[in-house]
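*Asks:* Please see the structure below; I have some questions.
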Number of protein chains: 2
Amino acid sequence: MAGTTERGEAGERGPGRRAGRPATIKDVAAAAGVGIATVSRVFSGGSVSADTRARVLAAAGELDYRPSAVGRSLKLQRTGGIGLIVPDVTDPFCADLIAGVLDCARTFGEHVLLDAAHGDAAREAAIADRMMEQRVDGIIAVPEGAPAAWRSVVAAGARVVSVDRVLAGAPEILTVLIDDRAGVRALVEYLVGLGHRRIAFLGAGAPAVARERAFRDTLAQLGVAVDEDLVVAARPERDSAYAAAAGLLQRQAGASAVLAAGHLIGEAAVLVARELDLRVPADVSIAMVGDVSWAELCDPPLTAVARPGHDAGYRACELLLRDRARAVGGPVLLPTELVIRGSCGPPRRS
Amino acid sequence: MAGTTERGEAGERGPGRRAGRPATIKDVAAAAGVGIATVSRVFSGGSVSADTRARVLAAAGELDYRPSAVGRSLKLQRTGGIGLIVPDVTDPFCADLIAGVLDCARTFGEHVLLDAAHGDAAREAAIADRMMEQRVDGIIAVPEGAPAAWRSVVAAGARVVSVDRVLAGAPEILTVLIDDRAGVRALVEYLVGLGHRRIAFLGAGAPAVARERAFRDTLAQLGVAVDEDLVVAARPERDSAYAAAAGLLQRQAGASAVLAAGHLIGEAAVLVARELDLRVPADVSIAMVGDVSWAELCDPPLTAVARPGHDAGYRACELLLRDRARAVGGPVLLPTELVIRGSCGPPRRS
DNA sequence: AAACCTTATGGAAACGTTTCCATGGCAAGC
DNA sequence: GCTTGCCATGGAAACGTTTCCATAAGGTTT
């Protein structure tokens with residue numbers, strides 16, 4: 001080390017450093033009169049003498065140096081970032097999920113890349129591809145696309161955690177599920193317990209097959225017949241949900257209770273019931289899967305099955321980051337909770 | 001070029017390539033029998049002969065090669081990523097904002113790093129710092145922290161767009177605002193037009209100062225006196241909002257209408273009114289700033305000022321990415337819309 | 001006092017990409 | 001036929017970091 005002369009020069013921003021661009025490790029090294037290896041050790045926890053460390057930190061502060069994550073990622077071959085792909089950011093469940101992932105990621109010091117696929121498998125694949133290019137450490141998704149597409153992502157070297165969807169035939173993908181079966185069962189048992197025998201299921205079809213199955217199974221178990229007229233398909237979109245709800249309630253099919261398979265469908269049911277001047281729960285009981293904030297604000301407040309979105313996100317992230325050893329061991333199953341409010345009562349005696 | 005021999009070897013994965021790791025540009029070059037410069041040109045749009053291009057693409061497909069964004073970022077000195085910092089992901093306005101940013105970012109082919117500050121200025125600063133280390137191209141934030149902190153982020157070389165908050169004394173920070181003044185004015189004029197003279201403002205204080213000011217200004221303009229007893233402070237959190245609403249409505253202060261400064265506060269007002277068996281709008285009219293989805297589900301549906309969160313996010317992102325030339329020119333001001341529903345009526349004659 | 005160990009430090013290679021520059025081949029113009 | 005220019009291509013440097021290795025200095029042990 002040449003001594004104080006260089007150290008003196010260091011204070012002024014050296015001629016080598018360009019103004020607009022952020023300082024690099026070399027600038028700091030030059031300013032502190034040490035080698036770049038030493039600067040690196042100061043910032044990534046190597047052993048450095050107290051004196052040198054102080055000098056380096058002073059120089060770094062002076063130059064407003066921040067280590068470049070890009071340089072580090074290149075060298076270390078990992079970026080420390082996780083990708084998160086959801087269907088729709090504005091959906092309350094997804095929002096909770098995101099919050100959970102963020103909370104967990106913070107405890108691990110990782111950052112999160114977010115994107116929304118809006119139910120489009122091709123878009124989802126493009127997003128996953130992009131995230132792979134970014135060399136994220138792993139991807140958490142509520143996948144819409146085919147298992148095959150996701151298997152190829154795994155084959156490309158990513159760790160993938162699937163949340164709230166089961167990717168059949170992709171055993172290498174960790175999964176976090178919510179126990180909708182138990183939730184629906186509890187809800188159906190509750191309704192039957194109130195005396196309902198003609199219970200409608202609103203929202204059969206694609207994303208809610210498990211819920212429909214649980215609905216049927218539970219009724220069968222309780223010895224209540226399922227009237228196929230009361231099982232109505234609906235996709236979880238406002239238009240579809242509204243049409244289905246109107247169709248069901250208008251035709252006076254004689255349902256004494258309606259079980260909505262999702263919160264958008266529940267919303268439609270509430271709206272339609274109000275338009276038809278049906279009193280809830282006197283004329284018809286309504287309950288839904290998914291306990292969103294408006295359920296409590298409704299009049300009457302809506303009975304619902306709460307799904308732990310935040311927990312799901314947190315667990316998924318934990319699974320991705322903690323158990324790097326591919327400790328599979330079956331999907332994580334998170335419990336639901338039946339939140340009983342005022343929207344269900346005994347059926348009108350007919 | 002040595003010819004077909006090397007080309008032949010290329011098909012089998014060469015001995016140089018390790019199994020677990022993703023293929024690099026070198027692997028592809030070797031496999032295709034070309035130089036790495038040529039491979040780079042194929043993937044980043046240089047001019048390559050059709051024959052060579054086909055060969056490179058074939059080799060790349062074979063090896064499942066994806067260009068490393070890390071390597072590229074390092075060389076290009078820009079990552080093509082933008083940071084987004086919001087107070088709370090689960091807030092409906094923030095969710096809309098995020099969706100808007102994502103939509104815009106996609107059209108520019110950029111990705112988004114998301115994090116939530118939860119009202120903690122220190123955490124916000126740490127997040128911004130982290131994003132700077134990631135060398136994002138810019139940061140969009142709903143800032144909670146002091147302008148000084150954000151100025152230092154700008155000084156460090158980032159482009160920053162502030163949404164829904166004005167950072168006083170930081171002229172170099174672009175800003176997207178929502179015209180709450182006009183929204184509140186429209187709402188107050190509507191209430192006064194219905195005959196209300198004793199209008200309460202629920203949620204005075206920190207984040208809603210502009211709304212409170214607009215409330216006072218409009219009343220003054222209309223010649224209606226402000227009763228300070230009816231201006232109640234509340235932070236936009238459930239506890240605080242609930243306490244404030246209960247305080248106001250219980251003490252029978254004689255408000256004929258309540259203007260809630262935010263959706264959480266409006267929620268509290270609705271809940272408290274219901275608990276006190278106040279009929280809406282017969283006993284008291286309620287309206288709020290922020291048109292969230294439950295406003296329509298409420299009974300009666302709530303009159304509200306809609307704030308364009310999606311637009312705000314989209315415009316912020318556009319500002320960040322398009323106008324790289326620091327085309328400042330004052331903050332962008334987005335219009336609100338008064339959505340009249342059933343929660344406001346003429347005051348009870350007393 | 002010599003040999004050895006420990007500690008602090010710097011040099012240099014490597015990570016994967018883009019791009020400048022040089023090279024070589026080929027066609028066109030004189 | 002020779003020069004000129006263009007096009008396709010490859011080599012090599014650079015981006016900012018981490019880490020292996022070597023070196024030097026100082027202290028400890030025999």
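Each chain in the structure tokens gets a letter, A, B and so on, in the order shown; residues start at 1 in every chain, and ligands are counted from 1 in the order they appear.
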Please extract the residues of region 99-168 of chain B with a backbone DSSP assignment of helix (DSSP H, G or I) and present them as a VMD selection string.
*Replies:* chain B and resid 99 to 108 121 to 133 147 to 155
*Asks:* Would you mind exporting C-alpha atoms of the selected residues as a compact mmCIF listing (two decimals), in the first residue's frame?
*Replies:*
# COMPACT_ATOMS: atom_id res chain seq x y z
CA ALA B 99 -52.78 -3.86 -12.11
CA GLY B 100 -52.34 -0.63 -14.05
CA VAL B 101 -48.59 -0.70 -13.67
CA LEU B 102 -48.43 -4.33 -14.74
CA ASP B 103 -50.54 -3.64 -17.80
CA CYS B 104 -48.36 -0.78 -18.91
CA ALA B 105 -45.11 -2.53 -18.07
CA ARG B 106 -46.13 -5.42 -20.26
CA THR B 107 -46.58 -3.20 -23.27
CA PHE B 108 -43.01 -2.01 -22.77
CA ALA B 121 -40.92 5.07 6.23
CA ALA B 122 -37.83 3.16 7.27
CA ARG B 123 -39.06 0.01 5.59
CA GLU B 124 -39.90 2.00 2.52
CA ALA B 125 -36.40 3.38 2.39
CA ALA B 126 -34.94 -0.08 2.79
CA ILE B 127 -37.10 -1.36 -0.05
CA ALA B 128 -36.08 1.49 -2.30
CA ASP B 129 -32.47 0.80 -1.43
CA ARG B 130 -32.82 -2.80 -2.32
CA MET B 131 -34.40 -1.92 -5.61
CA MET B 132 -31.56 0.45 -6.35
CA GLU B 133 -29.16 -2.40 -5.75
CA PRO B 147 -39.31 14.00 0.55
CA ALA B 148 -35.66 14.21 1.57
CA ALA B 149 -35.34 10.43 1.55
CA TRP B 150 -36.79 10.29 -1.93
CA ARG B 151 -34.61 13.07 -3.18
CA SER B 152 -31.62 11.03 -2.18
CA VAL B 153 -32.97 8.11 -4.18
CA VAL B 154 -33.20 10.39 -7.18
CA ALA B 155 -29.72 11.69 -6.49
*Asks:* Just need the residues of chain A within 8 Å of chain B, counting only C-alpha atoms, so spit them out as a PDB file with N, CA and C atoms, in the first residue's frame.
*Replies:*
ATOM      1  N   GLY A  20     -22.342  10.755 -14.045  1.00  0.00           N
ATOM      2  CA  GLY A  20     -23.726  10.298 -14.015  1.00  0.00           C
ATOM      3  C   GLY A  20     -23.897   8.894 -13.485  1.00  0.00           C
ATOM      4  N   ARG A  21     -22.896   8.067 -13.618  1.00  0.00           N
ATOM      5  CA  ARG A  21     -23.088   6.651 -13.330  1.00  0.00           C
ATOM      6  C   ARG A  21     -22.792   6.309 -11.882  1.00  0.00           C
ATOM      7  N   PRO A  22     -23.462   5.288 -11.404  1.00  0.00           N
ATOM      8  CA  PRO A  22     -23.215   4.896 -10.021  1.00  0.00           C
ATOM      9  C   PRO A  22     -21.780   4.426  -9.824  1.00  0.00           C
ATOM     10  N   ASP A  64     -21.342   7.321  -2.328  1.00  0.00           N
ATOM     11  CA  ASP A  64     -22.700   6.798  -2.381  1.00  0.00           C
ATOM     12  C   ASP A  64     -22.730   5.461  -3.127  1.00  0.00           C
ATOM     13  N   ARG A  66     -23.363   1.660  -3.897  1.00  0.00           N
ATOM     14  CA  ARG A  66     -24.209   0.517  -3.567  1.00  0.00           C
ATOM     15  C   ARG A  66     -23.752  -0.646  -4.417  1.00  0.00           C
ATOM     16  N   PRO A  67     -23.472  -1.759  -3.792  1.00  0.00           N
ATOM     17  CA  PRO A  67     -23.024  -2.923  -4.564  1.00  0.00           C
ATOM     18  C   PRO A  67     -24.068  -3.249  -5.630  1.00  0.00           C
ATOM     19  N   SER A  68     -23.633  -3.607  -6.797  1.00  0.00           N
ATOM     20  CA  SER A  68     -24.559  -3.942  -7.872  1.00  0.00           C
ATOM     21  C   SER A  68     -25.026  -5.385  -7.754  1.00  0.00           C
ATOM     22  N   ALA A  69     -26.327  -5.525  -7.571  1.00  0.00           N
ATOM     23  CA  ALA A  69     -26.880  -6.877  -7.485  1.00  0.00           C
ATOM     24  C   ALA A  69     -26.663  -7.619  -8.801  1.00  0.00           C
ATOM     25  N   VAL A  70     -26.573  -6.876  -9.890  1.00  0.00           N
ATOM     26  CA  VAL A  70     -26.383  -7.527 -11.185  1.00  0.00           C
ATOM     27  C   VAL A  70     -25.017  -8.200 -11.234  1.00  0.00           C
ATOM     28  N   GLY A  71     -24.003  -7.462 -10.870  1.00  0.00           N
ATOM     29  CA  GLY A  71     -22.658  -8.044 -10.852  1.00  0.00           C
ATOM     30  C   GLY A  71     -22.598  -9.244  -9.930  1.00  0.00           C
ATOM     31  N   SER A  73     -25.056 -11.165  -8.894  1.00  0.00           N
ATOM     32  CA  SER A  73     -25.849 -12.284  -9.399  1.00  0.00           C
ATOM     33  C   SER A  73     -25.073 -13.048 -10.456  1.00  0.00           C
ATOM     34  N   LEU A  74     -24.424 -12.306 -11.315  1.00  0.00           N
ATOM     35  CA  LEU A  74     -23.679 -12.960 -12.389  1.00  0.00           C
ATOM     36  C   LEU A  74     -22.614 -13.876 -11.804  1.00  0.00           C
ATOM     37  N   ASP A  88     -55.031 -12.624 -11.182  1.00  0.00           N
ATOM     38  CA  ASP A  88     -55.554 -11.265 -11.197  1.00  0.00           C
ATOM     39  C   ASP A  88     -55.224 -10.565  -9.883  1.00  0.00           C
ATOM     40  N   VAL A  89     -54.460  -9.524  -9.984  1.00  0.00           N
ATOM     41  CA  VAL A  89     -53.988  -8.841  -8.782  1.00  0.00           C
ATOM     42  C   VAL A  89     -55.119  -8.258  -7.957  1.00  0.00           C
ATOM     43  N   THR A  90     -56.210  -7.889  -8.616  1.00  0.00           N
ATOM     44  CA  THR A  90     -57.261  -7.189  -7.887  1.00  0.00           C
ATOM     45  C   THR A  90     -58.232  -8.138  -7.188  1.00  0.00           C
ATOM     46  N   PRO A  92     -59.370 -10.318  -4.279  1.00  0.00           N
ATOM     47  CA  PRO A  92     -58.977 -10.250  -2.871  1.00  0.00           C
ATOM     48  C   PRO A  92     -58.161 -11.456  -2.417  1.00  0.00           C
ATOM     49  N   ALA A  95     -54.750 -10.988  -3.725  1.00  0.00           N
ATOM     50  CA  ALA A  95     -54.076  -9.911  -2.996  1.00  0.00           C
ATOM     51  C   ALA A  95     -53.532 -10.439  -1.673  1.00  0.00           C
ATOM     52  N   ASP A  96     -54.334 -11.218  -0.971  1.00  0.00           N
ATOM     53  CA  ASP A  96     -53.862 -11.812   0.274  1.00  0.00           C
ATOM     54  C   ASP A  96     -52.661 -12.708   0.029  1.00  0.00           C
ATOM     55  N   ILE A  98     -50.507 -12.541  -2.380  1.00  0.00           N
ATOM     56  CA  ILE A  98     -49.336 -11.710  -2.666  1.00  0.00           C
ATOM     57  C   ILE A  98     -48.746 -11.168  -1.372  1.00  0.00           C
ATOM     58  N   ALA A  99     -49.638 -10.685  -0.508  1.00  0.00           N
ATOM     59  CA  ALA A  99     -49.161 -10.135   0.759  1.00  0.00           C
ATOM     60  C   ALA A  99     -48.398 -11.202   1.549  1.00  0.00           C
ATOM     61  N   LEU A 102     -44.993 -11.734  -0.012  1.00  0.00           N
ATOM     62  CA  LEU A 102     -44.104 -10.607   0.286  1.00  0.00           C
ATOM     63  C   LEU A 102     -43.589 -10.688   1.714  1.00  0.00           C
ATOM     64  N   HIS A 111     -36.385 -10.620  -3.025  1.00  0.00           N
ATOM     65  CA  HIS A 111     -37.359  -9.714  -3.601  1.00  0.00           C
ATOM     66  C   HIS A 111     -38.305 -10.494  -4.501  1.00  0.00           C
ATOM     67  N   VAL A 112     -39.378  -9.839  -4.911  1.00  0.00           N
ATOM     68  CA  VAL A 112     -40.451 -10.528  -5.629  1.00  0.00           C
ATOM     69  C   VAL A 112     -40.756  -9.855  -6.963  1.00  0.00           C
ATOM     70  N   LEU A 113     -40.763 -10.664  -8.002  1.00  0.00           N
ATOM     71  CA  LEU A 113     -41.228 -10.214  -9.321  1.00  0.00           C
ATOM     72  C   LEU A 113     -42.661 -10.666  -9.497  1.00  0.00           C
ATOM     73  N   LEU A 114     -43.529  -9.719  -9.797  1.00  0.00           N
ATOM     74  CA  LEU A 114     -44.953 -10.055  -9.887  1.00  0.00           C
ATOM     75  C   LEU A 114     -45.464  -9.871 -11.307  1.00  0.00           C
ATOM     76  N   ASP A 115     -46.348 -10.775 -11.729  1.00  0.00           N
ATOM     77  CA  ASP A 115     -47.102 -10.518 -12.948  1.00  0.00           C
ATOM     78  C   ASP A 115     -48.432 -11.257 -12.905  1.00  0.00           C
ATOM     79  N   ALA A 116     -49.360 -10.827 -13.735  1.00  0.00           N
ATOM     80  CA  ALA A 116     -50.702 -11.395 -13.748  1.00  0.00           C
ATOM     81  C   ALA A 116     -50.973 -12.034 -15.097  1.00  0.00           C
ATOM     82  N   MET A 132     -37.751 -16.874 -16.023  1.00  0.00           N
ATOM     83  CA  MET A 132     -36.605 -17.766 -16.136  1.00  0.00           C
ATOM     84  C   MET A 132     -35.403 -17.018 -16.697  1.00  0.00           C
ATOM     85  N   GLU A 133     -35.649 -16.154 -17.663  1.00  0.00           N
ATOM     86  CA  GLU A 133     -34.544 -15.352 -18.196  1.00  0.00           C
ATOM     87  C   GLU A 133     -33.938 -14.476 -17.116  1.00  0.00           C
ATOM     88  N   GLN A 134     -34.805 -14.011 -16.221  1.00  0.00           N
ATOM     89  CA  GLN A 134     -34.298 -13.197 -15.122  1.00  0.00           C
ATOM     90  C   GLN A 134     -33.565 -14.065 -14.099  1.00  0.00           C
ATOM     91  N   ARG A 135     -33.606 -15.343 -14.309  1.00  0.00           N
ATOM     92  CA  ARG A 135     -32.920 -16.281 -13.421  1.00  0.00           C
ATOM     93  C   ARG A 135     -33.389 -16.161 -11.978  1.00  0.00           C
ATOM     94  N   ALA A 156     -36.416 -26.897 -17.017  1.00  0.00           N
ATOM     95  CA  ALA A 156     -35.437 -25.863 -17.318  1.00  0.00           C
ATOM     96  C   ALA A 156     -34.671 -25.433 -16.078  1.00  0.00           C
ATOM     97  N   GLY A 157     -34.979 -26.035 -14.950  1.00  0.00           N
ATOM     98  CA  GLY A 157     -34.149 -25.804 -13.780  1.00  0.00           C
ATOM     99  C   GLY A 157     -34.769 -24.941 -12.696  1.00  0.00           C
ATOM    100  N   GLU A 267     -71.391 -12.523  -4.957  1.00  0.00           N
ATOM    101  CA  GLU A 267     -71.772 -11.134  -5.207  1.00  0.00           C
ATOM    102  C   GLU A 267     -72.963 -11.079  -6.153  1.00  0.00           C
ATOM    103  N   VAL A 270     -76.194 -12.172  -4.423  1.00  0.00           N
ATOM    104  CA  VAL A 270     -76.735 -11.139  -3.537  1.00  0.00           C
ATOM    105  C   VAL A 270     -77.445 -10.062  -4.356  1.00  0.00           C
ATOM    106  N   LEU A 271     -76.778  -9.628  -5.429  1.00  0.00           N
ATOM    107  CA  LEU A 271     -77.348  -8.583  -6.275  1.00  0.00           C
ATOM    108  C   LEU A 271     -78.671  -9.028  -6.893  1.00  0.00           C
ATOM    109  N   SER A 293     -63.999  -8.937   2.134  1.00  0.00           N
ATOM    110  CA  SER A 293     -64.332  -7.926   3.139  1.00  0.00           C
ATOM    111  C   SER A 293     -65.792  -7.498   3.077  1.00  0.00           C
ATOM    112  N   TRP A 294     -66.385  -7.504   1.893  1.00  0.00           N
ATOM    113  CA  TRP A 294     -67.752  -7.009   1.836  1.00  0.00           C
ATOM    114  C   TRP A 294     -68.760  -7.959   2.462  1.00  0.00           C
ATOM    115  N   LEU A 297     -70.127  -6.448   5.312  1.00  0.00           N
ATOM    116  CA  LEU A 297     -70.815  -5.176   5.075  1.00  0.00           C
ATOM    117  C   LEU A 297     -72.199  -5.359   4.472  1.00  0.00           C
ATOM    118  N   CYS A 298     -72.398  -6.485   3.903  1.00  0.00           N
ATOM    119  CA  CYS A 298     -73.665  -6.833   3.288  1.00  0.00           C
ATOM    120  C   CYS A 298     -74.797  -6.731   4.304  1.00  0.00           C
ATOM    121  N   ASP A 299     -76.019  -6.653   3.798  1.00  0.00           N
ATOM    122  CA  ASP A 299     -77.146  -6.703   4.710  1.00  0.00           C
ATOM    123  C   ASP A 299     -78.110  -7.767   4.225  1.00  0.00           C
TER     124      ASP A 299
END
*Asks:* Where does chain C meet chain B within 12 Å, residue by residue, with the nearest atom pair and distance in Å to one decimal for each, counting only C-alpha atoms (C1' of nucleotides), listed by chain and rising number, as a Markdown table?
*Replies:*
| residue | atom | partner | partner_atom | distance |
| --- | --- | --- | --- | --- |
| C:DC15 | C1' | B:Gly71 | CA | 8.2 |
| C:DG16 | C1' | B:Gly71 | CA | 4.4 |
| C:DT17 | C1' | B:Gly71 | CA | 4.5 |
| C:DT18 | C1' | B:Lys75 | CA | 6.2 |
| C:DT19 | C1' | B:Ala37 | CA | 8.6 |
| C:DC20 | C1' | B:Ala37 | CA | 11.3 |
| C:DG24 | C1' | B:Met1 | CA | 11.3 |
*Asks:* Residues of the last selection are to be written out with N, CA and C atoms (P, O5', C5', C4', C3', O3' and C1' of nucleotides), as a compact mmCIF listing (two decimals), in the first residue's frame.
*Replies:*
# COMPACT_ATOMS: atom_id res chain seq x y z
P DC C 15 -16.70 -19.58 -16.10
O5' DC C 15 -18.05 -18.81 -15.76
C5' DC C 15 -18.69 -18.93 -14.50
C4' DC C 15 -19.64 -17.79 -14.34
C3' DC C 15 -20.37 -17.41 -15.63
O3' DC C 15 -21.60 -18.14 -15.69
C1' DC C 15 -19.64 -15.48 -14.39
P DG C 16 -22.02 -18.84 -17.06
O5' DG C 16 -22.62 -17.63 -17.90
C5' DG C 16 -23.84 -17.05 -17.48
C4' DG C 16 -24.19 -15.91 -18.41
C3' DG C 16 -24.23 -16.30 -19.89
O3' DG C 16 -25.39 -15.74 -20.46
C1' DG C 16 -22.76 -14.47 -19.57
P DT C 17 -25.78 -15.93 -22.00
O5' DT C 17 -25.47 -14.50 -22.58
C5' DT C 17 -26.35 -13.42 -22.30
C4' DT C 17 -25.64 -12.09 -22.39
C3' DT C 17 -25.46 -11.54 -23.79
O3' DT C 17 -26.63 -10.80 -24.09
C1' DT C 17 -23.58 -11.07 -22.35
P DT C 18 -26.85 -10.31 -25.60
O5' DT C 18 -25.86 -9.06 -25.71
C5' DT C 18 -26.16 -7.87 -25.00
C4' DT C 18 -25.11 -6.82 -25.29
C3' DT C 18 -25.07 -6.31 -26.73
O3' DT C 18 -24.92 -4.90 -26.67
C1' DT C 18 -22.94 -7.13 -26.13
P DT C 19 -25.24 -3.99 -27.93
O5' DT C 19 -23.80 -3.62 -28.48
C5' DT C 19 -22.87 -3.04 -27.58
C4' DT C 19 -21.48 -3.04 -28.18
C3' DT C 19 -21.45 -2.73 -29.69
O3' DT C 19 -20.35 -1.87 -29.91
C1' DT C 19 -20.28 -4.69 -29.26
P DC C 20 -20.49 -0.74 -31.05
O5' DC C 20 -18.96 -0.28 -31.20
C5' DC C 20 -18.14 -0.17 -30.03
C4' DC C 20 -16.76 -0.75 -30.30
C3' DC C 20 -16.18 -0.39 -31.67
O3' DC C 20 -14.84 0.06 -31.52
C1' DC C 20 -16.15 -2.72 -31.38
P DG C 24 -7.37 -12.76 -42.93
O5' DG C 24 -8.40 -13.66 -43.75
C5' DG C 24 -9.44 -14.36 -43.07
C4' DG C 24 -10.65 -14.44 -43.96
C3' DG C 24 -10.32 -14.51 -45.46
O3' DG C 24 -11.06 -15.57 -46.04
C1' DG C 24 -11.90 -12.81 -45.06
*Asks:* List as a PyMOL selection string the protein and nucleic acid residues near DC2 (chain D), meaning an atom at most 12 Å away when only C-alpha atoms (C1' of nucleotides) are counted, but skip any in the same chain fewer than 2 places from it.
*Replies:* (chain C and resi 29-30) or (chain D and resi 4)
*Asks:* Next, dump the selected residues to file, keeping only C-alpha atoms (C1' of nucleotides), as an mmCIF file, in the first residue's frame.
*Replies:*
data_model
loop_
_atom_site.group_PDB
_atom_site.id
_atom_site.type_symbol
_atom_site.label_atom_id
_atom_site.label_comp_id
_atom_site.auth_asym_id
_atom_site.auth_seq_id
_atom_site.Cartn_x
_atom_site.Cartn_y
_atom_site.Cartn_z
ATOM 1 C "C1'" DG C 29 -16.773 -0.910 -60.849
ATOM 2 C "C1'" DC C 30 -12.724 0.899 -63.178
ATOM 3 C "C1'" DT D 4 -13.113 -0.817 -53.568
#
*Asks:* Taking only C-alpha atoms (C1' of nucleotides) into account, which residues of chain D are within 7 Å of chain B, as a VMD selection string?
*Replies:* chain D and resid 8 to 10 15
*Asks:* Create the file for the chosen residues now, containing N, CA and C atoms (P, O5', C5', C4', C3', O3' and C1' of nucleotides) and written as a short mmCIF file (atom, residue, chain, number, x, y, z; two decimals), in the first residue's frame.
*Replies:*
data_model
loop_
_atom_site.label_atom_id
_atom_site.label_comp_id
_atom_site.auth_asym_id
_atom_site.auth_seq_id
_atom_site.Cartn_x
_atom_site.Cartn_y
_atom_site.Cartn_z
P DA D 8 -25.21 -10.08 -44.36
"O5'" DA D 8 -24.19 -11.18 -43.81
"C5'" DA D 8 -23.77 -12.22 -44.68
"C4'" DA D 8 -22.66 -13.00 -44.02
"C3'" DA D 8 -23.00 -13.51 -42.61
"O3'" DA D 8 -22.63 -14.87 -42.52
"C1'" DA D 8 -20.98 -12.26 -42.57
P DT D 9 -22.93 -15.68 -41.20
"O5'" DT D 9 -21.63 -15.43 -40.35
"C5'" DT D 9 -20.40 -16.00 -40.78
"C4'" DT D 9 -19.27 -15.46 -39.96
"C3'" DT D 9 -19.33 -15.75 -38.46
"O3'" DT D 9 -18.56 -16.91 -38.21
"C1'" DT D 9 -18.35 -13.63 -39.02
P DG D 10 -18.57 -17.52 -36.74
"O5'" DG D 10 -17.23 -16.90 -36.14
"C5'" DG D 10 -16.02 -17.10 -36.85
"C4'" DG D 10 -14.88 -16.37 -36.15
"C3'" DG D 10 -14.79 -16.63 -34.65
"O3'" DG D 10 -13.41 -16.79 -34.32
"C1'" DG D 10 -15.02 -14.30 -35.03
P DC D 15 -15.64 -1.15 -18.19
"O5'" DC D 15 -17.04 -1.67 -17.64
"C5'" DC D 15 -18.26 -1.36 -18.29
"C4'" DC D 15 -19.31 -2.32 -17.79
"C3'" DC D 15 -19.18 -2.61 -16.30
"O3'" DC D 15 -20.02 -1.71 -15.58
"C1'" DC D 15 -19.66 -4.59 -17.59
#
*Asks:* Please compute the CA of Ile265 (chain A)-CA of Arg279 (chain B) distance, one decimal, in Å.
*Replies:*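 So the two atoms, CA of Ile265 (chain A) and CA of Arg279 (chain B), lie 28.0 Å apart.
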*Asks:* Just the residues within 9 Å of region 181-190 of chain B, please, counting only C-alpha atoms (C1' of nucleotides), with nothing from its chain fewer than 5 positions along; format it as a count of residues only.
*Replies:* 26
*Asks:* I need the residue nearest DC5 (chain C) from this list: D:DG5, D:DT29, D:DA22, D:DA14. Use only C-alpha atoms (C1' of nucleotides) for the distance.
*Replies:*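 The closest residue to DC5 (chain C) is D:DT29.
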*Asks:* Can you work out the spacing between CA of Gly313 (chain B) and CA of Gly169 (chain B) in Å, to one decimal?
*Replies:*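 Separation of CA of Gly313 (chain B) and CA of Gly169 (chain B): 22.6 Å.
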